[in-house]
file work.cif (mmCIF, N, CA and C atoms)
data_structure
loop_
_atom_site.label_atom_id
_atom_site.label_comp_id
_atom_site.auth_asym_id
_atom_site.auth_seq_id
_atom_site.Cartn_x
_atom_site.Cartn_y
_atom_site.Cartn_z
N MET A 280 -31.09 33.66 -36.83
CA MET A 280 -31.36 33.71 -38.25
C MET A 280 -30.08 33.47 -39.03
N ALA A 281 -30.17 32.70 -40.08
CA ALA A 281 -29.01 32.37 -40.90
C ALA A 281 -28.53 33.60 -41.66
N THR A 282 -27.23 33.65 -41.88
CA THR A 282 -26.68 34.75 -42.67
C THR A 282 -27.05 34.56 -44.13
N LEU A 283 -26.88 35.60 -44.91
CA LEU A 283 -27.16 35.51 -46.33
C LEU A 283 -26.29 34.43 -46.98
N GLU A 284 -25.03 34.37 -46.60
CA GLU A 284 -24.12 33.36 -47.15
C GLU A 284 -24.61 31.95 -46.81
N GLN A 285 -25.06 31.74 -45.57
CA GLN A 285 -25.57 30.43 -45.17
C GLN A 285 -26.84 30.07 -45.95
N ARG A 286 -27.70 31.05 -46.15
CA ARG A 286 -28.92 30.79 -46.90
C ARG A 286 -28.62 30.45 -48.36
N ILE A 287 -27.66 31.16 -48.96
CA ILE A 287 -27.27 30.85 -50.34
C ILE A 287 -26.67 29.46 -50.42
N GLN A 288 -25.83 29.08 -49.44
CA GLN A 288 -25.24 27.74 -49.43
C GLN A 288 -26.33 26.67 -49.30
N LEU A 289 -27.32 26.91 -48.48
CA LEU A 289 -28.43 25.97 -48.33
C LEU A 289 -29.16 25.78 -49.65
N LEU A 290 -29.44 26.87 -50.33
CA LEU A 290 -30.11 26.78 -51.63
C LEU A 290 -29.24 26.05 -52.65
N ALA A 291 -27.95 26.34 -52.65
CA ALA A 291 -27.03 25.67 -53.58
C ALA A 291 -26.97 24.17 -53.30
N ASP A 292 -26.92 23.80 -52.02
CA ASP A 292 -26.89 22.37 -51.65
C ASP A 292 -28.16 21.67 -52.11
N LYS A 293 -29.30 22.29 -51.85
CA LYS A 293 -30.57 21.67 -52.27
C LYS A 293 -30.63 21.53 -53.80
N ASP A 294 -30.16 22.52 -54.51
CA ASP A 294 -30.17 22.45 -55.97
C ASP A 294 -29.24 21.34 -56.46
N GLU A 295 -28.08 21.19 -55.86
CA GLU A 295 -27.16 20.12 -56.26
C GLU A 295 -27.78 18.75 -56.01
N ILE A 296 -28.50 18.61 -54.92
CA ILE A 296 -29.15 17.33 -54.62
C ILE A 296 -30.29 17.06 -55.60
N ARG A 297 -31.07 18.08 -55.93
CA ARG A 297 -32.12 17.89 -56.94
C ARG A 297 -31.50 17.47 -58.28
N GLU A 298 -30.38 18.07 -58.63
CA GLU A 298 -29.71 17.69 -59.87
C GLU A 298 -29.15 16.27 -59.79
N LEU A 299 -28.70 15.87 -58.62
CA LEU A 299 -28.22 14.49 -58.44
C LEU A 299 -29.34 13.51 -58.77
N THR A 300 -30.54 13.75 -58.26
CA THR A 300 -31.64 12.83 -58.53
C THR A 300 -32.07 12.89 -60.00
N ALA A 301 -31.98 14.05 -60.61
CA ALA A 301 -32.30 14.16 -62.04
C ALA A 301 -31.26 13.42 -62.87
N ARG A 302 -29.98 13.61 -62.56
CA ARG A 302 -28.92 12.87 -63.27
C ARG A 302 -29.09 11.37 -63.09
N TYR A 303 -29.54 10.96 -61.91
CA TYR A 303 -29.80 9.55 -61.64
C TYR A 303 -30.85 9.02 -62.64
N CYS A 304 -31.95 9.75 -62.80
CA CYS A 304 -33.00 9.31 -63.73
C CYS A 304 -32.47 9.18 -65.15
N TYR A 305 -31.73 10.19 -65.61
CA TYR A 305 -31.19 10.13 -66.97
C TYR A 305 -30.21 8.97 -67.13
N ALA A 306 -29.41 8.71 -66.12
CA ALA A 306 -28.46 7.59 -66.19
C ALA A 306 -29.18 6.25 -66.17
N VAL A 307 -30.29 6.16 -65.44
CA VAL A 307 -31.09 4.93 -65.44
C VAL A 307 -31.63 4.67 -66.85
N VAL A 308 -32.16 5.70 -67.48
CA VAL A 308 -32.70 5.55 -68.84
C VAL A 308 -31.60 5.09 -69.80
N ARG A 309 -30.41 5.68 -69.69
CA ARG A 309 -29.30 5.30 -70.56
C ARG A 309 -28.65 3.98 -70.14
N GLN A 310 -29.06 3.48 -68.97
CA GLN A 310 -28.44 2.29 -68.38
C GLN A 310 -26.92 2.48 -68.27
N ASP A 311 -26.55 3.66 -67.81
CA ASP A 311 -25.15 4.05 -67.65
C ASP A 311 -24.70 3.67 -66.24
N SER A 312 -24.30 2.41 -66.10
CA SER A 312 -23.97 1.90 -64.76
C SER A 312 -22.79 2.63 -64.15
N ALA A 313 -21.81 3.05 -64.95
CA ALA A 313 -20.66 3.78 -64.40
C ALA A 313 -21.10 5.09 -63.77
N ALA A 314 -21.98 5.81 -64.45
CA ALA A 314 -22.49 7.08 -63.90
C ALA A 314 -23.30 6.83 -62.64
N LEU A 315 -24.14 5.80 -62.66
CA LEU A 315 -24.95 5.48 -61.48
C LEU A 315 -24.09 5.13 -60.28
N LEU A 316 -23.09 4.30 -60.48
CA LEU A 316 -22.21 3.92 -59.38
C LEU A 316 -21.46 5.12 -58.82
N ALA A 317 -21.07 6.04 -59.69
CA ALA A 317 -20.35 7.23 -59.25
C ALA A 317 -21.22 8.15 -58.40
N MET A 318 -22.54 8.01 -58.49
CA MET A 318 -23.46 8.85 -57.71
C MET A 318 -23.62 8.36 -56.28
N PHE A 319 -23.11 7.17 -55.97
CA PHE A 319 -23.23 6.60 -54.63
C PHE A 319 -21.91 6.70 -53.88
N CYS A 320 -22.01 6.86 -52.57
CA CYS A 320 -20.84 6.74 -51.70
C CYS A 320 -20.31 5.32 -51.83
N ASP A 321 -19.05 5.12 -51.49
CA ASP A 321 -18.46 3.77 -51.58
C ASP A 321 -19.24 2.75 -50.76
N ASP A 322 -19.79 3.19 -49.63
CA ASP A 322 -20.57 2.29 -48.78
C ASP A 322 -22.08 2.49 -48.99
N GLY A 323 -22.45 3.10 -50.10
CA GLY A 323 -23.84 3.42 -50.38
C GLY A 323 -24.70 2.18 -50.53
N GLU A 324 -26.01 2.40 -50.39
CA GLU A 324 -26.93 1.28 -50.53
C GLU A 324 -28.23 1.72 -51.19
N PHE A 325 -28.89 0.72 -51.79
CA PHE A 325 -30.20 0.91 -52.41
C PHE A 325 -31.10 -0.18 -51.88
N GLN A 326 -32.30 0.20 -51.44
CA GLN A 326 -33.24 -0.77 -50.89
C GLN A 326 -34.55 -0.71 -51.67
N LEU A 327 -35.02 -1.89 -52.05
CA LEU A 327 -36.32 -2.05 -52.71
C LEU A 327 -37.04 -3.18 -52.02
N GLN A 328 -38.13 -2.85 -51.36
CA GLN A 328 -38.91 -3.80 -50.57
C GLN A 328 -37.98 -4.54 -49.60
N GLN A 329 -37.86 -5.85 -49.72
CA GLN A 329 -37.07 -6.62 -48.75
C GLN A 329 -35.64 -6.85 -49.20
N GLN A 330 -35.22 -6.26 -50.32
CA GLN A 330 -33.89 -6.50 -50.83
C GLN A 330 -33.05 -5.24 -50.73
N THR A 331 -31.79 -5.41 -50.31
CA THR A 331 -30.87 -4.29 -50.18
C THR A 331 -29.57 -4.63 -50.90
N TRP A 332 -29.07 -3.67 -51.67
CA TRP A 332 -27.75 -3.79 -52.31
C TRP A 332 -26.84 -2.80 -51.60
N ARG A 333 -25.72 -3.30 -51.05
CA ARG A 333 -24.80 -2.47 -50.28
C ARG A 333 -23.41 -2.49 -50.90
N GLY A 334 -22.80 -1.31 -50.98
CA GLY A 334 -21.44 -1.21 -51.49
C GLY A 334 -21.41 -1.30 -53.01
N LYS A 335 -20.27 -0.92 -53.57
CA LYS A 335 -20.14 -0.81 -55.02
C LYS A 335 -20.35 -2.14 -55.74
N ASP A 336 -19.88 -3.26 -55.20
CA ASP A 336 -20.03 -4.54 -55.90
C ASP A 336 -21.49 -4.94 -56.03
N GLU A 337 -22.25 -4.84 -54.94
CA GLU A 337 -23.68 -5.19 -55.01
C GLU A 337 -24.46 -4.19 -55.84
N LEU A 338 -24.12 -2.91 -55.73
CA LEU A 338 -24.79 -1.90 -56.55
C LEU A 338 -24.49 -2.12 -58.04
N ARG A 339 -23.28 -2.57 -58.35
CA ARG A 339 -22.94 -2.88 -59.74
C ARG A 339 -23.87 -3.96 -60.27
N ASP A 340 -24.15 -4.98 -59.48
CA ASP A 340 -25.07 -6.04 -59.90
C ASP A 340 -26.45 -5.45 -60.20
N LEU A 341 -26.91 -4.57 -59.32
CA LEU A 341 -28.22 -3.93 -59.53
C LEU A 341 -28.23 -3.12 -60.81
N TYR A 342 -27.23 -2.28 -61.00
CA TYR A 342 -27.25 -1.33 -62.11
C TYR A 342 -26.66 -1.87 -63.41
N VAL A 343 -26.14 -3.08 -63.41
CA VAL A 343 -25.69 -3.70 -64.65
C VAL A 343 -26.64 -4.82 -65.04
N THR A 344 -26.99 -5.69 -64.11
CA THR A 344 -27.80 -6.86 -64.42
C THR A 344 -29.29 -6.58 -64.30
N LYS A 345 -29.73 -6.18 -63.14
CA LYS A 345 -31.15 -6.04 -62.87
C LYS A 345 -31.83 -4.96 -63.71
N ILE A 346 -31.13 -3.84 -63.92
CA ILE A 346 -31.74 -2.72 -64.64
C ILE A 346 -32.09 -3.11 -66.08
N GLY A 347 -31.28 -3.98 -66.68
CA GLY A 347 -31.53 -4.40 -68.04
C GLY A 347 -32.77 -5.26 -68.20
N GLU A 348 -33.24 -5.83 -67.10
CA GLU A 348 -34.42 -6.69 -67.15
C GLU A 348 -35.72 -5.91 -67.33
N VAL A 349 -35.73 -4.64 -66.93
CA VAL A 349 -36.98 -3.86 -66.98
C VAL A 349 -36.86 -2.54 -67.75
N THR A 350 -35.66 -2.12 -68.11
CA THR A 350 -35.44 -0.86 -68.84
C THR A 350 -36.31 0.28 -68.32
N PRO A 351 -36.16 0.67 -67.06
CA PRO A 351 -37.05 1.68 -66.47
C PRO A 351 -36.81 3.08 -67.02
N LYS A 352 -37.89 3.86 -67.02
CA LYS A 352 -37.87 5.28 -67.37
C LYS A 352 -38.49 6.04 -66.19
N PRO A 353 -37.66 6.49 -65.22
CA PRO A 353 -38.20 7.15 -64.03
C PRO A 353 -38.40 8.65 -64.21
N PHE A 354 -39.40 9.18 -63.50
CA PHE A 354 -39.71 10.61 -63.49
C PHE A 354 -39.86 11.05 -62.03
N ILE A 355 -39.04 11.99 -61.61
CA ILE A 355 -38.99 12.44 -60.22
C ILE A 355 -39.74 13.76 -60.07
N GLN A 356 -40.43 13.92 -58.93
CA GLN A 356 -41.08 15.19 -58.59
C GLN A 356 -41.28 15.30 -57.08
N ASN A 357 -41.74 16.47 -56.66
CA ASN A 357 -42.12 16.73 -55.26
C ASN A 357 -40.98 16.48 -54.28
N HIS A 358 -39.86 17.09 -54.54
CA HIS A 358 -38.68 16.94 -53.70
C HIS A 358 -38.81 17.72 -52.39
N VAL A 359 -38.42 17.09 -51.30
CA VAL A 359 -38.30 17.76 -50.00
C VAL A 359 -36.94 17.36 -49.45
N ILE A 360 -36.11 18.34 -49.08
CA ILE A 360 -34.73 18.08 -48.68
C ILE A 360 -34.42 18.83 -47.39
N GLN A 361 -33.75 18.16 -46.47
CA GLN A 361 -33.27 18.78 -45.23
C GLN A 361 -31.75 18.63 -45.20
N ILE A 362 -31.05 19.74 -45.04
CA ILE A 362 -29.59 19.76 -45.04
C ILE A 362 -29.10 19.89 -43.60
N ASP A 363 -28.07 19.13 -43.27
CA ASP A 363 -27.41 19.23 -41.96
C ASP A 363 -25.91 19.11 -42.18
N GLY A 364 -25.28 20.22 -42.53
CA GLY A 364 -23.84 20.21 -42.79
C GLY A 364 -23.53 19.42 -44.06
N ASP A 365 -22.71 18.38 -43.90
CA ASP A 365 -22.31 17.55 -45.04
C ASP A 365 -23.18 16.31 -45.20
N THR A 366 -24.32 16.27 -44.52
CA THR A 366 -25.28 15.19 -44.70
C THR A 366 -26.65 15.82 -44.95
N ALA A 367 -27.50 15.04 -45.56
CA ALA A 367 -28.85 15.54 -45.85
C ALA A 367 -29.78 14.34 -45.97
N THR A 368 -31.04 14.61 -45.77
CA THR A 368 -32.08 13.61 -46.01
C THR A 368 -33.12 14.24 -46.91
N GLY A 369 -33.88 13.38 -47.55
CA GLY A 369 -34.92 13.92 -48.41
C GLY A 369 -35.80 12.81 -48.94
N ASN A 370 -36.87 13.23 -49.55
CA ASN A 370 -37.71 12.28 -50.26
C ASN A 370 -38.26 12.95 -51.50
N CYS A 371 -38.62 12.11 -52.45
CA CYS A 371 -39.18 12.60 -53.70
C CYS A 371 -40.06 11.50 -54.28
N ALA A 372 -41.10 11.93 -54.96
CA ALA A 372 -42.01 10.98 -55.61
C ALA A 372 -41.37 10.52 -56.92
N VAL A 373 -41.73 9.29 -57.32
CA VAL A 373 -41.22 8.75 -58.58
C VAL A 373 -42.32 8.00 -59.30
N GLU A 374 -42.43 8.26 -60.59
CA GLU A 374 -43.28 7.47 -61.49
C GLU A 374 -42.33 6.77 -62.45
N ILE A 375 -42.62 5.51 -62.77
CA ILE A 375 -41.72 4.73 -63.62
C ILE A 375 -42.53 4.05 -64.72
N ARG A 376 -42.04 4.19 -65.92
CA ARG A 376 -42.58 3.45 -67.06
C ARG A 376 -41.50 2.45 -67.46
N MET A 377 -41.89 1.23 -67.81
CA MET A 377 -40.90 0.22 -68.18
C MET A 377 -41.54 -0.88 -68.99
N VAL A 378 -40.69 -1.75 -69.50
CA VAL A 378 -41.13 -2.94 -70.20
C VAL A 378 -40.55 -4.13 -69.44
N GLN A 379 -41.42 -5.05 -69.07
CA GLN A 379 -41.01 -6.23 -68.33
C GLN A 379 -41.64 -7.44 -69.00
N ASN A 380 -40.80 -8.36 -69.42
CA ASN A 380 -41.27 -9.55 -70.14
C ASN A 380 -42.11 -9.17 -71.36
N GLY A 381 -41.69 -8.11 -72.06
CA GLY A 381 -42.39 -7.70 -73.27
C GLY A 381 -43.68 -6.93 -73.06
N LYS A 382 -44.01 -6.61 -71.81
CA LYS A 382 -45.27 -5.91 -71.49
C LYS A 382 -44.98 -4.55 -70.86
N ALA A 383 -45.80 -3.57 -71.21
CA ALA A 383 -45.68 -2.24 -70.61
C ALA A 383 -46.13 -2.31 -69.16
N VAL A 384 -45.33 -1.71 -68.29
CA VAL A 384 -45.59 -1.72 -66.85
C VAL A 384 -45.53 -0.28 -66.34
N THR A 385 -46.36 0.04 -65.38
CA THR A 385 -46.30 1.32 -64.69
C THR A 385 -46.05 1.04 -63.21
N ALA A 386 -45.25 1.91 -62.62
CA ALA A 386 -44.98 1.79 -61.18
C ALA A 386 -44.86 3.20 -60.61
N CYS A 387 -45.10 3.32 -59.33
CA CYS A 387 -44.84 4.60 -58.67
C CYS A 387 -44.62 4.35 -57.19
N GLY A 388 -44.07 5.35 -56.58
CA GLY A 388 -43.77 5.30 -55.15
C GLY A 388 -43.01 6.55 -54.78
N HIS A 389 -42.17 6.42 -53.77
CA HIS A 389 -41.29 7.53 -53.42
C HIS A 389 -39.97 6.99 -52.90
N TYR A 390 -38.96 7.82 -53.01
CA TYR A 390 -37.64 7.51 -52.46
C TYR A 390 -37.48 8.23 -51.13
N ASP A 391 -36.96 7.52 -50.15
CA ASP A 391 -36.43 8.14 -48.95
C ASP A 391 -34.92 8.08 -49.11
N ASP A 392 -34.27 9.22 -49.16
CA ASP A 392 -32.85 9.30 -49.46
C ASP A 392 -32.05 9.86 -48.30
N THR A 393 -30.83 9.39 -48.20
CA THR A 393 -29.82 9.98 -47.34
C THR A 393 -28.65 10.35 -48.25
N TYR A 394 -28.17 11.57 -48.13
CA TYR A 394 -27.10 12.07 -48.97
C TYR A 394 -25.90 12.40 -48.10
N ARG A 395 -24.73 12.35 -48.72
CA ARG A 395 -23.50 12.72 -48.03
C ARG A 395 -22.62 13.50 -49.01
N ARG A 396 -22.03 14.59 -48.52
CA ARG A 396 -21.10 15.35 -49.34
C ARG A 396 -19.73 14.68 -49.22
N VAL A 397 -19.19 14.24 -50.36
CA VAL A 397 -17.89 13.57 -50.41
C VAL A 397 -16.99 14.37 -51.34
N ALA A 398 -15.90 14.86 -50.82
CA ALA A 398 -14.95 15.67 -51.61
C ALA A 398 -15.68 16.79 -52.35
N GLY A 399 -16.61 17.45 -51.65
CA GLY A 399 -17.33 18.59 -52.21
C GLY A 399 -18.49 18.25 -53.13
N GLN A 400 -18.81 16.97 -53.26
CA GLN A 400 -19.88 16.55 -54.18
C GLN A 400 -20.92 15.74 -53.42
N TRP A 401 -22.21 16.06 -53.63
CA TRP A 401 -23.29 15.32 -53.00
C TRP A 401 -23.46 13.97 -53.68
N LYS A 402 -23.60 12.92 -52.86
CA LYS A 402 -23.80 11.56 -53.36
C LYS A 402 -24.90 10.89 -52.54
N PHE A 403 -25.42 9.80 -53.09
CA PHE A 403 -26.37 9.01 -52.34
C PHE A 403 -25.62 8.16 -51.33
N ALA A 404 -26.00 8.27 -50.07
CA ALA A 404 -25.52 7.33 -49.05
C ALA A 404 -26.49 6.15 -48.98
N ARG A 405 -27.77 6.47 -49.22
CA ARG A 405 -28.81 5.43 -49.17
C ARG A 405 -30.03 5.90 -49.95
N ARG A 406 -30.58 4.99 -50.76
CA ARG A 406 -31.85 5.22 -51.45
C ARG A 406 -32.77 4.08 -51.08
N GLN A 407 -33.93 4.41 -50.57
CA GLN A 407 -34.94 3.41 -50.27
C GLN A 407 -36.15 3.72 -51.13
N PHE A 408 -36.50 2.76 -52.02
CA PHE A 408 -37.65 2.93 -52.90
C PHE A 408 -38.85 2.31 -52.23
N ASN A 409 -39.84 3.13 -51.92
CA ASN A 409 -41.09 2.70 -51.31
C ASN A 409 -42.13 2.59 -52.41
N LEU A 410 -42.55 1.39 -52.69
CA LEU A 410 -43.41 1.09 -53.82
C LEU A 410 -44.89 1.25 -53.46
N TYR A 411 -45.63 1.98 -54.31
CA TYR A 411 -47.08 2.08 -54.16
C TYR A 411 -47.78 1.07 -55.06
N HIS A 412 -47.33 1.01 -56.32
CA HIS A 412 -47.87 -0.01 -57.22
C HIS A 412 -46.84 -0.35 -58.31
N TRP A 413 -46.97 -1.55 -58.85
CA TRP A 413 -46.14 -2.06 -59.96
C TRP A 413 -47.06 -2.99 -60.72
N VAL A 414 -47.69 -2.49 -61.80
CA VAL A 414 -48.73 -3.26 -62.50
C VAL A 414 -48.57 -3.13 -64.01
N LEU A 415 -49.16 -4.08 -64.73
CA LEU A 415 -49.22 -3.97 -66.17
C LEU A 415 -50.01 -2.73 -66.53
N LEU A 416 -49.53 -1.96 -67.47
CA LEU A 416 -50.20 -0.73 -67.88
C LEU A 416 -51.61 -1.03 -68.38
N ALA A 417 -51.78 -2.14 -69.10
CA ALA A 417 -53.10 -2.51 -69.62
C ALA A 417 -54.11 -2.76 -68.52
N GLU A 418 -53.66 -3.20 -67.36
CA GLU A 418 -54.56 -3.47 -66.24
C GLU A 418 -54.86 -2.20 -65.46
N GLY A 419 -53.91 -1.26 -65.43
CA GLY A 419 -54.08 -0.03 -64.68
C GLY A 419 -53.83 -0.21 -63.19
N TRP A 420 -53.46 0.86 -62.55
CA TRP A 420 -53.11 0.79 -61.14
C TRP A 420 -54.35 0.87 -60.25
N GLY A 421 -55.47 1.27 -60.77
CA GLY A 421 -56.67 1.42 -59.96
C GLY A 421 -57.48 0.14 -59.82
N SER A 422 -57.02 -0.93 -60.45
CA SER A 422 -57.78 -2.19 -60.42
C SER A 422 -57.71 -2.85 -59.08
#

call {"tool": "encode", "arguments": {"input": "work.cif", "output": "structure tokens"}}
result
Amino acid sequence: MATLEQRIQLLADKDEIRELTARYCYAVVRQDSAALLAMFCDDGEFQLQQQTWRGKDELRDLYVTKIGEVTPKPFIQNHVIQIDGDTATGNCAVEIRMVQNGKAVTACGHYDDTYRRVAGQWKFARRQFNLYHWVLLAEGWGS
């Protein structure tokens, strides 16, 4: 059985990771690319379907150029996190509202994340966005 100190550290780590994903959402809304890049490890990556952005230069392209094309508003819920020392894995559901080509769009899916503690701070080592739907809001996702 874990000691009280170990249990408190586990709870603190999970809370820091939940806050990391919340800060990520707020930074996406603000299109704050500097904040987003700082949330990733230097060798971090983001994967969406068949495309992967690796390292700070490619992530900069994603969070400076691509994000402006859809102006996403993400909402995270249902977090599950497993801690293993200075690494962790987790997943969380995401709903996204955005405008693409002048039209309201809804999307949802979940993230499979890998986290790494770097200099005492949790960061994304990898985010994989698993898409369930990405449709015009007027059409609805149930069509």

call {"tool": "resolve_selection", "arguments": {"input": "work.cif", "expression": "the PyMOL selection byres (((chain A and resi 313 and name CA) around 12) and name CA)", "output": "ChimeraX atom specification"}}
result
/A:303,306-307,309-312,314-319,335-336,338-343

call {"tool": "write_last_selection", "arguments": {"input": "work.cif", "atoms": "N, CA and C atoms", "output": "JSON list (two decimals), in the frame of the given file"}}
result
[["chain", "number", "residue", "atom", "x", "y", "z"],
["A", 303, "TYR", "N", -29.54, 10.96, -61.91],
["A", 303, "TYR", "CA", -29.80, 9.55, -61.64],
["A", 303, "TYR", "C", -30.85, 9.02, -62.64],
["A", 306, "ALA", "N", -29.41, 8.71, -66.12],
["A", 306, "ALA", "CA", -28.46, 7.59, -66.19],
["A", 306, "ALA", "C", -29.18, 6.25, -66.17],
["A", 307, "VAL", "N", -30.29, 6.16, -65.44],
["A", 307, "VAL", "CA", -31.09, 4.93, -65.44],
["A", 307, "VAL", "C", -31.63, 4.67, -66.85],
["A", 309, "ARG", "N", -30.41, 5.68, -69.69],
["A", 309, "ARG", "CA", -29.30, 5.30, -70.56],
["A", 309, "ARG", "C", -28.65, 3.98, -70.14],
["A", 310, "GLN", "N", -29.06, 3.48, -68.97],
["A", 310, "GLN", "CA", -28.44, 2.29, -68.38],
["A", 310, "GLN", "C", -26.92, 2.48, -68.27],
["A", 311, "ASP", "N", -26.55, 3.66, -67.81],
["A", 311, "ASP", "CA", -25.15, 4.05, -67.65],
["A", 311, "ASP", "C", -24.70, 3.67, -66.24],
["A", 312, "SER", "N", -24.30, 2.41, -66.10],
["A", 312, "SER", "CA", -23.97, 1.90, -64.76],
["A", 312, "SER", "C", -22.79, 2.63, -64.15],
["A", 314, "ALA", "N", -21.98, 5.81, -64.45],
["A", 314, "ALA", "CA", -22.49, 7.08, -63.90],
["A", 314, "ALA", "C", -23.30, 6.83, -62.64],
["A", 315, "LEU", "N", -24.14, 5.80, -62.66],
["A", 315, "LEU", "CA", -24.95, 5.48, -61.48],
["A", 315, "LEU", "C", -24.09, 5.13, -60.28],
["A", 316, "LEU", "N", -23.09, 4.30, -60.48],
["A", 316, "LEU", "CA", -22.21, 3.92, -59.38],
["A", 316, "LEU", "C", -21.46, 5.12, -58.82],
["A", 317, "ALA", "N", -21.07, 6.04, -59.69],
["A", 317, "ALA", "CA", -20.35, 7.23, -59.25],
["A", 317, "ALA", "C", -21.22, 8.15, -58.40],
["A", 318, "MET", "N", -22.54, 8.01, -58.49],
["A", 318, "MET", "CA", -23.46, 8.85, -57.71],
["A", 318, "MET", "C", -23.62, 8.36, -56.28],
["A", 319, "PHE", "N", -23.11, 7.17, -55.97],
["A", 319, "PHE", "CA", -23.23, 6.60, -54.63],
["A", 319, "PHE", "C", -21.91, 6.70, -53.88],
["A", 335, "LYS", "N", -20.27, -0.92, -53.57],
["A", 335, "LYS", "CA", -20.14, -0.81, -55.02],
["A", 335, "LYS", "C", -20.35, -2.14, -55.74],
["A", 336, "ASP", "N", -19.88, -3.26, -55.20],
["A", 336, "ASP", "CA", -20.03, -4.54, -55.90],
["A", 336, "ASP", "C", -21.49, -4.94, -56.03],
["A", 338, "LEU", "N", -24.12, -2.91, -55.73],
["A", 338, "LEU", "CA", -24.79, -1.90, -56.55],
["A", 338, "LEU", "C", -24.49, -2.12, -58.04],
["A", 339, "ARG", "N", -23.28, -2.57, -58.35],
["A", 339, "ARG", "CA", -22.94, -2.88, -59.74],
["A", 339, "ARG", "C", -23.87, -3.96, -60.27],
["A", 340, "ASP", "N", -24.15, -4.98, -59.48],
["A", 340, "ASP", "CA", -25.07, -6.04, -59.90],
["A", 340, "ASP", "C", -26.45, -5.45, -60.20],
["A", 341, "LEU", "N", -26.91, -4.57, -59.32],
["A", 341, "LEU", "CA", -28.22, -3.93, -59.53],
["A", 341, "LEU", "C", -28.23, -3.12, -60.81],
["A", 342, "TYR", "N", -27.23, -2.28, -61.00],
["A", 342, "TYR", "CA", -27.25, -1.33, -62.11],
["A", 342, "TYR", "C", -26.66, -1.87, -63.41],
["A", 343, "VAL", "N", -26.14, -3.08, -63.41],
["A", 343, "VAL", "CA", -25.69, -3.70, -64.65],
["A", 343, "VAL", "C", -26.64, -4.82, -65.04]]

call {"tool": "resolve_selection", "arguments": {"input": "work.cif", "expression": "the PyMOL selection byres ((chain A and resi 390) around 7)", "output": "list in words"}}
result
Gly369, Asn370, Cys371, Ala372, Val373, Gly388, His389, Asp391, Asp392, Arg406, Gln407, Phe408 and Asn409 of chain A

call {"tool": "closest_residue", "arguments": {"input": "work.cif", "among": "A:Leu410, A:Leu416, A:Tyr394, A:Arg376", "to": "Gln329 in chain A", "atoms": "only C-alpha atoms"}}
result
A:Leu410

call {"tool": "atom_distance", "arguments": {"input": "work.cif", "atom1": "atom N of Val397 in chain A", "atom2": "CA of Gln356 in chain A"}}
result
23.4 Å

call {"tool": "select_by_dssp", "arguments": {"input": "work.cif", "residues": "range 294-405 of chain A", "states": "helix (DSSP H, G or I)", "output": "PyMOL selection string"}}
result
chain A and resi 294-309+312-317+334-349

call {"tool": "resolve_selection", "arguments": {"input": "work.cif", "expression": "the PyMOL selection byres ((chain A and resi 417) around 8)", "output": "PyMOL selection string"}}
result
chain A and resi 382-385+414-416+418-420

call {"tool": "select_by_dssp", "arguments": {"input": "work.cif", "residues": "range 298-411 of chain A", "states": "strand (DSSP E or B)", "output": "PyMOL selection string"}}
result
chain A and resi 319-327+330-333+352-363+366-379+382-397+400-411

call {"tool": "atom_distance", "arguments": {"input": "work.cif", "atom1": "CA of Gln326 in chain A", "atom2": "CA of Lys293 in chain A"}}
result
22.6 Å
